[in-house]
Every structure is written in structure tokens, then in C-alpha cells.
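Student: Below is the file final.cif, with mmCIF, C-alpha atoms.
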data_start
#
loop_
_atom_site.label_atom_id
_atom_site.label_comp_id
_atom_site.auth_asym_id
_atom_site.auth_seq_id
_atom_site.Cartn_x
_atom_site.Cartn_y
_atom_site.Cartn_z
CA MET A 60 -17.95 -30.87 2.62
CA SER A 61 -20.05 -28.46 0.62
CA ILE A 62 -18.84 -25.48 -1.35
CA THR A 63 -20.74 -23.03 0.83
CA GLU A 64 -19.21 -24.56 3.92
CA HIS A 65 -15.80 -24.14 2.39
CA ALA A 66 -16.28 -20.52 1.38
CA LEU A 67 -17.71 -19.73 4.84
CA GLY A 68 -19.51 -16.76 3.42
CA ALA A 69 -16.25 -14.88 3.04
CA ALA A 70 -16.86 -12.17 0.47
CA HIS A 71 -13.50 -12.52 -1.24
CA ALA A 72 -14.05 -16.26 -1.79
CA ASP A 73 -17.29 -15.55 -3.66
CA LEU A 74 -15.53 -12.90 -5.73
CA MET A 75 -12.92 -15.39 -6.89
CA GLY A 76 -15.46 -18.17 -7.44
CA VAL A 77 -13.74 -20.61 -5.07
CA GLU A 78 -14.70 -24.28 -5.14
CA PHE A 79 -13.14 -27.05 -3.14
CA ASP A 80 -11.65 -29.89 -5.19
CA GLY A 81 -9.58 -32.09 -2.87
CA PHE A 82 -7.12 -32.32 0.00
CA ASP A 83 -4.18 -34.72 0.19
CA LYS A 84 -3.56 -35.18 3.92
CA GLU A 85 -0.17 -36.79 3.50
CA ARG A 86 1.23 -34.01 1.33
CA GLU A 87 -0.82 -31.36 3.15
CA GLU A 88 -1.81 -30.18 -0.31
CA ILE A 89 -5.16 -28.66 -1.23
CA THR A 90 -6.64 -28.28 -4.71
CA LEU A 91 -9.16 -25.51 -5.32
CA ARG A 92 -10.96 -24.36 -8.42
CA PHE A 93 -11.49 -20.70 -9.19
CA HIS A 94 -13.27 -18.55 -11.69
CA ALA A 95 -11.34 -15.33 -12.30
CA PRO A 96 -13.93 -12.54 -12.71
CA GLU A 97 -13.96 -10.02 -15.58
CA SER A 98 -13.57 -7.25 -12.99
CA PHE A 99 -9.96 -8.41 -12.40
CA VAL A 100 -8.94 -7.71 -15.98
CA THR A 101 -6.58 -4.93 -17.11
CA PRO A 102 -6.29 -3.26 -20.55
CA ARG A 103 -3.97 -6.14 -21.51
CA GLY A 104 -6.98 -8.42 -21.39
CA SER A 105 -5.62 -10.57 -18.57
CA VAL A 106 -5.95 -10.57 -14.80
CA GLN A 107 -4.04 -7.75 -13.08
CA GLY A 108 -0.77 -9.21 -11.75
CA GLY A 109 -1.36 -8.13 -8.18
CA LEU A 110 -4.80 -9.71 -8.07
CA VAL A 111 -3.27 -13.05 -9.11
CA ALA A 112 -1.91 -13.09 -5.56
CA GLY A 113 -5.51 -13.29 -4.36
CA PHE A 114 -5.87 -16.80 -5.77
CA LEU A 115 -2.45 -17.88 -4.52
CA ASP A 116 -3.15 -16.55 -1.03
CA GLU A 117 -6.40 -18.51 -1.03
CA VAL A 118 -4.82 -21.88 -1.88
CA MET A 119 -1.93 -21.36 0.53
CA GLY A 120 -4.28 -20.30 3.32
CA TRP A 121 -6.66 -23.23 2.87
CA ALA A 122 -3.78 -25.70 2.75
CA HIS A 123 -2.89 -24.56 6.27
CA VAL A 124 -6.53 -24.56 7.45
CA TRP A 125 -7.04 -28.13 6.23
CA ALA A 126 -3.67 -29.33 7.51
CA THR A 127 -4.72 -28.24 11.03
CA ASP A 128 -8.19 -29.82 10.77
CA ARG A 129 -9.57 -26.33 10.37
CA ALA A 130 -8.32 -25.13 13.74
CA GLU A 131 -5.86 -22.53 12.44
CA ALA A 132 -5.49 -19.98 9.65
CA PRO A 133 -2.35 -18.16 8.52
CA LEU A 134 -1.68 -14.49 9.10
CA ASN A 135 0.60 -13.72 6.15
CA LEU A 136 3.79 -11.78 6.79
CA ASP A 137 4.93 -11.84 3.19
CA ILE A 138 4.16 -13.31 -0.21
CA SER A 139 6.64 -13.67 -3.07
CA MET A 140 5.12 -14.39 -6.42
CA SER A 141 6.37 -15.17 -9.94
CA LEU A 142 4.07 -14.49 -12.87
CA LEU A 143 4.97 -16.97 -15.62
CA LYS A 144 2.09 -16.52 -18.04
CA PRO A 145 -0.89 -14.18 -18.36
CA VAL A 146 -3.88 -15.34 -16.30
CA LEU A 147 -7.12 -15.03 -18.26
CA ALA A 148 -10.60 -14.46 -16.85
CA GLY A 149 -12.35 -17.81 -16.46
CA PRO A 150 -11.61 -21.16 -14.81
CA LEU A 151 -8.35 -21.74 -12.91
CA ILE A 152 -6.94 -24.51 -10.75
CA GLY A 153 -4.88 -23.75 -7.66
CA LYS A 154 -2.72 -26.01 -5.54
CA GLY A 155 -1.50 -24.97 -2.10
CA ARG A 156 0.92 -26.80 0.18
CA VAL A 157 2.27 -26.50 3.68
CA VAL A 158 6.06 -26.67 3.28
CA ARG A 159 6.77 -26.50 6.99
CA ARG A 160 4.42 -26.04 9.89
CA GLY A 161 5.89 -24.87 13.18
CA ARG A 162 4.33 -23.49 16.33
CA LYS A 163 5.40 -19.91 15.64
CA VAL A 164 5.97 -19.76 11.90
CA ILE A 165 4.69 -21.61 8.87
CA PHE A 166 5.96 -21.74 5.29
CA LEU A 167 3.49 -22.13 2.46
CA GLU A 168 3.63 -22.41 -1.30
CA GLY A 169 1.03 -22.20 -4.03
CA GLU A 170 0.66 -22.66 -7.77
CA LEU A 171 -1.95 -21.56 -10.25
CA PHE A 172 -2.71 -23.52 -13.44
CA ASP A 173 -5.02 -23.12 -16.39
CA GLU A 174 -7.42 -25.93 -17.24
CA ALA A 175 -4.87 -27.52 -19.58
CA GLY A 176 -2.48 -27.84 -16.62
CA LYS A 177 -0.11 -25.09 -17.71
CA LEU A 178 1.63 -23.34 -14.79
CA LEU A 179 0.67 -19.64 -14.78
CA ALA A 180 1.97 -18.34 -11.47
CA ARG A 181 3.57 -19.49 -8.24
CA ALA A 182 4.09 -18.06 -4.79
CA THR A 183 5.66 -18.72 -1.43
CA SER A 184 4.57 -17.18 1.83
CA THR A 185 5.76 -16.91 5.42
CA ALA A 186 2.97 -16.67 7.96
CA ILE A 187 2.07 -16.84 11.65
CA PRO A 188 -0.44 -19.52 12.60
CA THR A 189 -3.46 -18.05 14.41
CA PRO A 190 -6.72 -19.54 15.70
CA ARG A 191 -9.06 -19.54 12.75
CA PRO A 192 -11.28 -16.44 12.49
CA VAL A 193 -14.87 -17.57 12.12
CA SER A 194 -17.06 -15.30 10.07
CA LYS A 195 -20.26 -17.16 10.98
CA MET B 297 -8.40 15.16 -21.18
CA ALA B 298 -7.04 13.62 -18.03
CA ARG B 299 -3.77 11.80 -18.38
CA ILE B 300 -4.09 8.04 -18.59
CA TYR B 301 -2.65 7.48 -15.12
CA GLU B 302 -5.17 9.93 -13.67
CA ARG B 303 -8.10 7.87 -14.94
CA ARG B 304 -9.55 4.53 -14.00
CA ARG B 305 -8.05 2.70 -16.90
CA SER B 306 -9.41 -0.83 -16.50
CA PRO B 307 -12.08 -3.00 -14.86
CA SER B 308 -9.54 -3.80 -12.15
CA SER B 309 -9.01 -0.12 -11.28
CA GLU B 310 -12.80 0.42 -11.28
CA LEU B 311 -13.15 -2.50 -8.90
CA MET B 312 -10.64 -0.99 -6.48
CA GLY B 313 -12.19 2.48 -6.61
CA SER B 314 -8.98 4.05 -7.87
CA GLU B 315 -8.59 7.83 -7.42
CA PHE B 316 -5.62 9.85 -8.63
CA VAL B 317 -4.14 12.16 -5.97
CA SER B 318 -0.83 13.52 -7.28
CA PHE B 319 2.31 12.82 -9.26
CA ASP B 320 5.74 14.04 -8.23
CA ALA B 321 7.85 13.98 -11.41
CA GLU B 322 11.08 14.66 -9.57
CA LYS B 323 10.72 11.70 -7.21
CA GLY B 324 8.98 9.61 -9.87
CA GLU B 325 6.25 8.97 -7.33
CA LEU B 326 2.54 8.55 -7.96
CA THR B 327 0.00 8.87 -5.13
CA CYS B 328 -3.48 7.37 -5.41
CA ARG B 329 -6.34 6.45 -3.14
CA TYR B 330 -8.25 3.20 -3.23
CA THR B 331 -11.41 2.03 -1.58
CA PRO B 332 -11.58 -1.75 -1.14
CA PRO B 333 -14.88 -3.16 -2.41
CA PRO B 334 -16.85 -5.23 0.15
CA SER B 335 -16.00 -8.31 -1.93
CA PHE B 336 -12.32 -8.00 -0.89
CA ALA B 337 -13.09 -8.81 2.76
CA SER B 338 -11.63 -11.90 4.38
CA PRO B 339 -13.16 -13.64 7.42
CA ARG B 340 -10.85 -11.43 9.52
CA GLY B 341 -12.85 -8.42 8.36
CA ALA B 342 -9.87 -6.92 6.55
CA VAL B 343 -8.68 -7.12 2.94
CA GLN B 344 -7.51 -10.63 2.02
CA GLY B 345 -3.69 -10.59 1.96
CA GLY B 346 -3.31 -11.57 -1.67
CA LEU B 347 -5.79 -8.99 -2.89
CA ILE B 348 -3.75 -6.27 -1.14
CA ALA B 349 -1.33 -6.81 -4.01
CA GLY B 350 -4.04 -5.52 -6.33
CA PHE B 351 -3.70 -1.98 -4.96
CA LEU B 352 0.08 -2.14 -4.97
CA ASP B 353 0.21 -3.40 -8.55
CA GLU B 354 -2.19 -0.68 -9.63
CA VAL B 355 -0.14 2.15 -8.10
CA MET B 356 3.20 0.72 -9.31
CA GLY B 357 1.78 0.42 -12.83
CA GLY B 358 0.47 3.97 -12.70
CA ALA B 359 3.88 5.19 -11.53
CA LEU B 360 5.59 3.61 -14.53
CA LEU B 361 3.04 5.19 -16.89
CA ALA B 362 3.50 8.61 -15.31
CA VAL B 363 7.30 8.43 -15.19
CA THR B 364 7.73 7.19 -18.75
CA GLU B 365 5.40 9.90 -20.02
CA ALA B 366 7.21 12.61 -18.07
CA ARG B 367 10.65 11.47 -19.22
CA PHE B 368 10.10 10.18 -22.74
CA GLY B 369 6.81 11.70 -23.93
CA GLU B 370 3.33 10.35 -24.47
CA ALA B 371 4.27 8.08 -27.38
CA GLU B 372 6.82 6.30 -25.20
CA GLN B 373 4.53 5.57 -22.27
CA ARG B 374 5.06 2.15 -20.81
CA LEU B 375 3.00 -0.21 -18.68
CA PRO B 376 4.66 -2.96 -16.63
CA LEU B 377 4.25 -6.61 -17.52
CA ASN B 378 5.03 -7.95 -14.07
CA LEU B 379 7.47 -10.83 -13.77
CA ASP B 380 7.40 -11.04 -10.02
CA MET B 381 6.08 -9.27 -6.99
CA ASN B 382 7.30 -9.42 -3.40
CA LEU B 383 4.89 -8.32 -0.73
CA THR B 384 5.34 -7.55 2.96
CA PHE B 385 2.27 -7.22 5.15
CA LEU B 386 2.94 -4.99 8.14
CA ARG B 387 -0.62 -4.37 9.35
CA MET B 388 -4.11 -5.47 8.42
CA VAL B 389 -5.55 -3.43 5.55
CA PRO B 390 -8.93 -2.09 6.77
CA MET B 391 -12.06 -1.99 4.61
CA GLU B 392 -11.76 1.77 4.22
CA THR B 393 -10.09 4.24 1.87
CA ILE B 394 -6.30 3.85 1.83
CA THR B 395 -3.50 5.88 0.29
CA ALA B 396 -0.97 4.25 -2.03
CA LYS B 397 2.39 5.47 -3.27
CA GLY B 398 4.14 3.94 -6.27
CA ARG B 399 7.71 4.66 -7.37
CA VAL B 400 9.89 3.74 -10.31
CA VAL B 401 13.22 2.64 -8.86
CA LYS B 402 14.79 2.17 -12.30
CA VAL B 403 13.44 1.88 -15.81
CA GLY B 404 15.43 0.69 -18.80
CA LYS B 405 14.44 -0.60 -22.22
CA ARG B 406 13.99 -4.19 -21.08
CA VAL B 407 13.35 -4.12 -17.37
CA ALA B 408 11.68 -1.84 -14.84
CA PHE B 409 12.03 -2.03 -11.06
CA LEU B 410 9.06 -0.72 -9.13
CA GLU B 411 8.04 -0.31 -5.52
CA GLY B 412 4.82 0.54 -3.75
CA GLU B 413 3.44 1.26 -0.29
CA LEU B 414 -0.02 1.42 1.30
CA PHE B 415 -0.94 3.69 4.19
CA ASP B 416 -4.04 4.07 6.35
CA SER B 417 -5.64 7.46 7.10
CA ASP B 418 -3.28 7.95 10.08
CA GLY B 419 -0.25 7.47 7.84
CA ASN B 420 0.64 4.02 9.20
CA LEU B 421 2.45 1.84 6.69
CA LEU B 422 0.23 -1.20 6.02
CA ALA B 423 1.99 -3.08 3.24
CA ARG B 424 4.80 -2.71 0.76
CA ALA B 425 5.77 -4.34 -2.52
CA THR B 426 8.57 -4.48 -5.00
CA SER B 427 8.21 -5.76 -8.55
CA SER B 428 10.37 -6.50 -11.57
CA ALA B 429 8.58 -5.98 -14.86
CA ILE B 430 8.99 -5.68 -18.61
CA PRO B 431 7.97 -2.22 -19.82
CA THR B 432 5.57 -2.60 -22.76
CA PRO B 433 3.63 -0.10 -24.88
CA VAL B 434 0.16 0.69 -23.54
CA PRO B 435 -2.33 -1.81 -25.02
CA GLY B 436 -4.67 -0.11 -27.45
CA ALA B 437 -2.51 3.03 -27.63
CA ASP B 438 -2.01 2.67 -31.40
CA GLU B 439 -5.70 2.31 -32.17
#
Would you mind giving the structure from this file in C-alpha cells?

Tutor:
Amino acid sequence: MSITEHALGAAHADLMGVEFDGFDKEREEITLRFHAPESFVTPRGSVQGGLVAGFLDEVMGWAHVWATDRAEAPLNLDISMSLLKPVLAGPLIGKGRVVRRGRKVIFLEGELFDEAGKLLARATSTAIPTPRPVSK
Amino acid sequence: MARIYERRRSPSSELMGSEFVSFDAEKGELTCRYTPPPSFASPRGAVQGGLIAGFLDEVMGGALLAVTEARFGEAEQRLPLNLDMNLTFLRMVPMETITAKGRVVKVGKRVAFLEGELFDSDGNLLARATSSAIPTPVPGADE
């Protein structure tokens, strides 16, 4: 599957420089690569904490999409996030997993690492599975 | 000169089209407006859920700046270093100008508790957040 196919022309995916890396069907775990843009940076010199959730949402969402053979996408009800270390502009690796997938509710989790494999942030999310919106 | 929380103080606030509306010192509440850039759109045609946290973080951070300045003076202004953020998404956030309110629930020397809300132009609550943070001096303030 190509990168363009993965991003589906979604504007936010381009913004975050999303690239597909791999999907482990058994674990229902997806790995994505990102490039955090300079426009996400605060006066501290790192990515604004709230915007870190953008990457985590992306890996959690795609884990669900891939786990359902791209039939469904999550509509997030909530996200809880811990920010362990500052996230710098540049390359990032995200891992998203489906913790539990029901008919009415799904539970997702995601992690964000730097290139050295250091854990920077993590999140969990509760969501409703919906038919996947198709942008094009 | 405009107060720091009245300005766009970073690339991230530029990106989100941040506009200061008002600050209520008594309630410790900052009100801002944001306009999502086209690049925030998800395939649903609304702001991607995670990126919604960008607006909420921005307004909560501004609230801490405004409250610490009002209570302790300009030299004691603090910005939050967020430890966690909990978000609830009540409605889709449209690709149009939204109003955000940020409040300081409690601020001490070592920890600050913040909350934020987003509303559409009809006043519907779209999303809310709470955050625990470490209050730190404003980067670059000493220069």
C-alpha cells in the first residue's frame, strides 16, 4: 500500500507528515512514521502539548481502520494523554493498538516515540465504530 | 504593548489563528477565538479529534499566563508544562471560527490544574479538556 493511499488526501495527515510503516494483524497494532512540523512548536521549542494528541489520534484511528480491513473508523468520545517528554519538531514513530473492539464501543491506545525509541507520550481513547468516511 | 496572552505567542498559535477576546480576572477565565487551518481537516470534514486538543491547550495555557500575571505580577507569569490532558469530544468541531474558554482551577508553586472548553457560533459545547501541568517561567522572558 502506498503512502498516498494511506493518507487518503486527508489534509491533517499531510500536515503531520504521516507515513505507513507496518501493521501487525495479530496484535491489531499499527506503526506509523510522522514528521512534526515547525508550525506545531511553542516558545519552549517543542511541540505544543495539545497538538501531540494529533499524532496519537492518528495512530489509534488507523489501528482501528486496519483492524477492520478498512471498513470502519473511530469516532472518538474521549482521549486521555500523558506527556512524558518534550516532543521535538522532526521525525517521530507512533504505535496504535486496538485494546478491545466491540460492536458499539471500542477502546484504543497509542504511544509516540522518538527515533531512538524513547517513549514521549501515550494516550487511550474510547470511541464509537462508524463506517469509514471516504474523502475521495 | 499587548499583554503576552493577548498576542499570538508561538508558531502553534499562529497556525490556529488565535485571537484574544477577553480576560475575566475574577473568574480566572480567558476567552479566545480560533480559526482551524484547512490542514486540520479530517476525512469527516471536521477538525481531527486529536488536533482539537491544540485549541484547548492554547486557551488553557493563556489562562495560566493571564491569571499568574493578574495575581502575582508580570515577573511571576507562568506557562504550563503539561503532564497530562483529558479530552471529551461532545460534537464535531467544524472548520470555522470557534470560541474557547480556559480557566485556572488551581495554581500552586508546583502544580496547576486547568480546564478548557470549545463552543461553536451558536454556543454549543463542542469539546472540553482538563490538564495537570507544572507552572514554569515563560521561556525567553529573562532575555

Student: Using all atoms listed in the file and a cut-off of 8 Å, which residues of chain B sit close to chain A? Please list them as a PyMOL selection string.

Tutor: chain B and resi 305-311+334-340+344-354+378-386+435-436

Student: Tell me which residues the PyMOL selection byres ((chain A and resi 162) around 12) grabs here, as number ranges by chain.

Tutor: A: 127, 131, 133, 159-161, 163-166, 186-190

Student: Could you check which of B:Gly412, B:Gly419, B:Gly369, B:Pro431 is closest to Ile394 in chain B, using only C-alpha atoms?

Tutor: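 Result for the nearest residue to Ile394 in chain B: B:Gly419.
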
Student: Selection in question (the file shown): the PyMOL selection byres ((chain B and resi 325-332) around 7). Which residues does it include, as a list of chain:residue names?

Tutor: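 Answer for the PyMOL selection byres ((chain B and resi 325-332) around 7): B:Met312, B:Gly313, B:Ser314, B:Glu315, B:Phe316, B:Val317, B:Ser318, B:Phe319, B:Asp320, B:Ala321, B:Lys323, B:Gly324, B:Pro333, B:Pro334, B:Phe336, B:Val355, B:Gly358, B:Ala359, B:Met391, B:Glu392, B:Thr393, B:Ile394, B:Thr395, B:Ala396, B:Lys397, B:Gly398, B:Arg399.
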
Student: Name the residues within 12 Å of (16.8, -0.9, -9.1), counting all atoms listed in the file in the file's coordinates, and put them as a VMD selection string.

Tutor: chain B and resid 399 to 404 407 to 411 426 to 429

Student: Can I get the selected residues back with C-alpha atoms, as a short mmCIF file (atom, residue, chain, number, x, y, z; two decimals), in the frame of the given file?

Tutor:
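For reference, out16.cif as written:
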data_model
loop_
_atom_site.label_atom_id
_atom_site.label_comp_id
_atom_site.auth_asym_id
_atom_site.auth_seq_id
_atom_site.Cartn_x
_atom_site.Cartn_y
_atom_site.Cartn_z
CA ARG B 399 7.71 4.66 -7.37
CA VAL B 400 9.89 3.74 -10.31
CA VAL B 401 13.22 2.64 -8.86
CA LYS B 402 14.79 2.17 -12.30
CA VAL B 403 13.44 1.88 -15.81
CA GLY B 404 15.43 0.69 -18.80
CA VAL B 407 13.35 -4.12 -17.37
CA ALA B 408 11.68 -1.84 -14.84
CA PHE B 409 12.03 -2.03 -11.06
CA LEU B 410 9.06 -0.72 -9.13
CA GLU B 411 8.04 -0.31 -5.52
CA THR B 426 8.57 -4.48 -5.00
CA SER B 427 8.21 -5.76 -8.55
CA SER B 428 10.37 -6.50 -11.57
CA ALA B 429 8.58 -5.98 -14.86
#

Student: One number please: CA of His94 in chain A to CA of Val343 in chain B, in Å, one decimal.

Tutor: 19.1 Å

Student: Here's the selection I'm unsure about, the PyMOL selection byres ((chain B and resi 360) around 7); applied to the file above, which residues does it give, as a ChimeraX atom specification?

Tutor: /B:356-359,361-364,374-376,400

Student: Report the distance between CA of Asp173 in chain A and CA of Gly153 in chain A in Å, rounded to one decimal place.

Tutor: 8.8 Å

Student: So the first atom is CA of Val124 in chain A and the second is CA of Leu421 in chain B; what is the distance between them in Å, to one decimal place?

Tutor: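 Taking CA of Val124 in chain A and CA of Leu421 in chain B, their separation equals 27.9 Å.
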
Student: Between A:Met119, A:Ser105, A:Leu91, A:Asp83, which is the closest to Ile152 in chain A once you count only C-alpha atoms?

Tutor: A:Leu91

Student: Would you kindly return, as a list in words, each protein, DNA or RNA residue with an atom no farther than 7 Å from any atom of Ala342 in chain B, considering only C-alpha atoms and excluding same-chain residues fewer than 6 positions away?

Tutor: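 Residues meeting the cut-off are Met388, Val389, Pro390 and Met391 of chain B.
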
Student: Once 5 Å is added on each side, what centre and edge lengths in Å to one decimal does the axis-aligned box around all listed atoms of range 139-154 of chain A have, as AutoDock Vina command-line options?

Tutor:
--center_x -2.9 --center_y -19.8 --center_z -10.7 --size_x 29.0 --size_y 22.3 --size_z 25.3

Student: Quick one: residues within 6 Å of Leu422 in chain B, all atoms listed in the file counted, chain neighbours fewer than 5 positions away excluded, as a VMD selection string?

Tutor: chain B and resid 386 to 387 414 to 415

Student: Let me make sure I understand: among A:Glu88, A:Gly81, A:Gly169, A:Leu147, which one has the smallest atom-to-atom distance to Ala126 in chain A if we use only C-alpha atoms?

Tutor: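 Looking at the shortest contact to Ala126 in chain A, the residue is A:Glu88.
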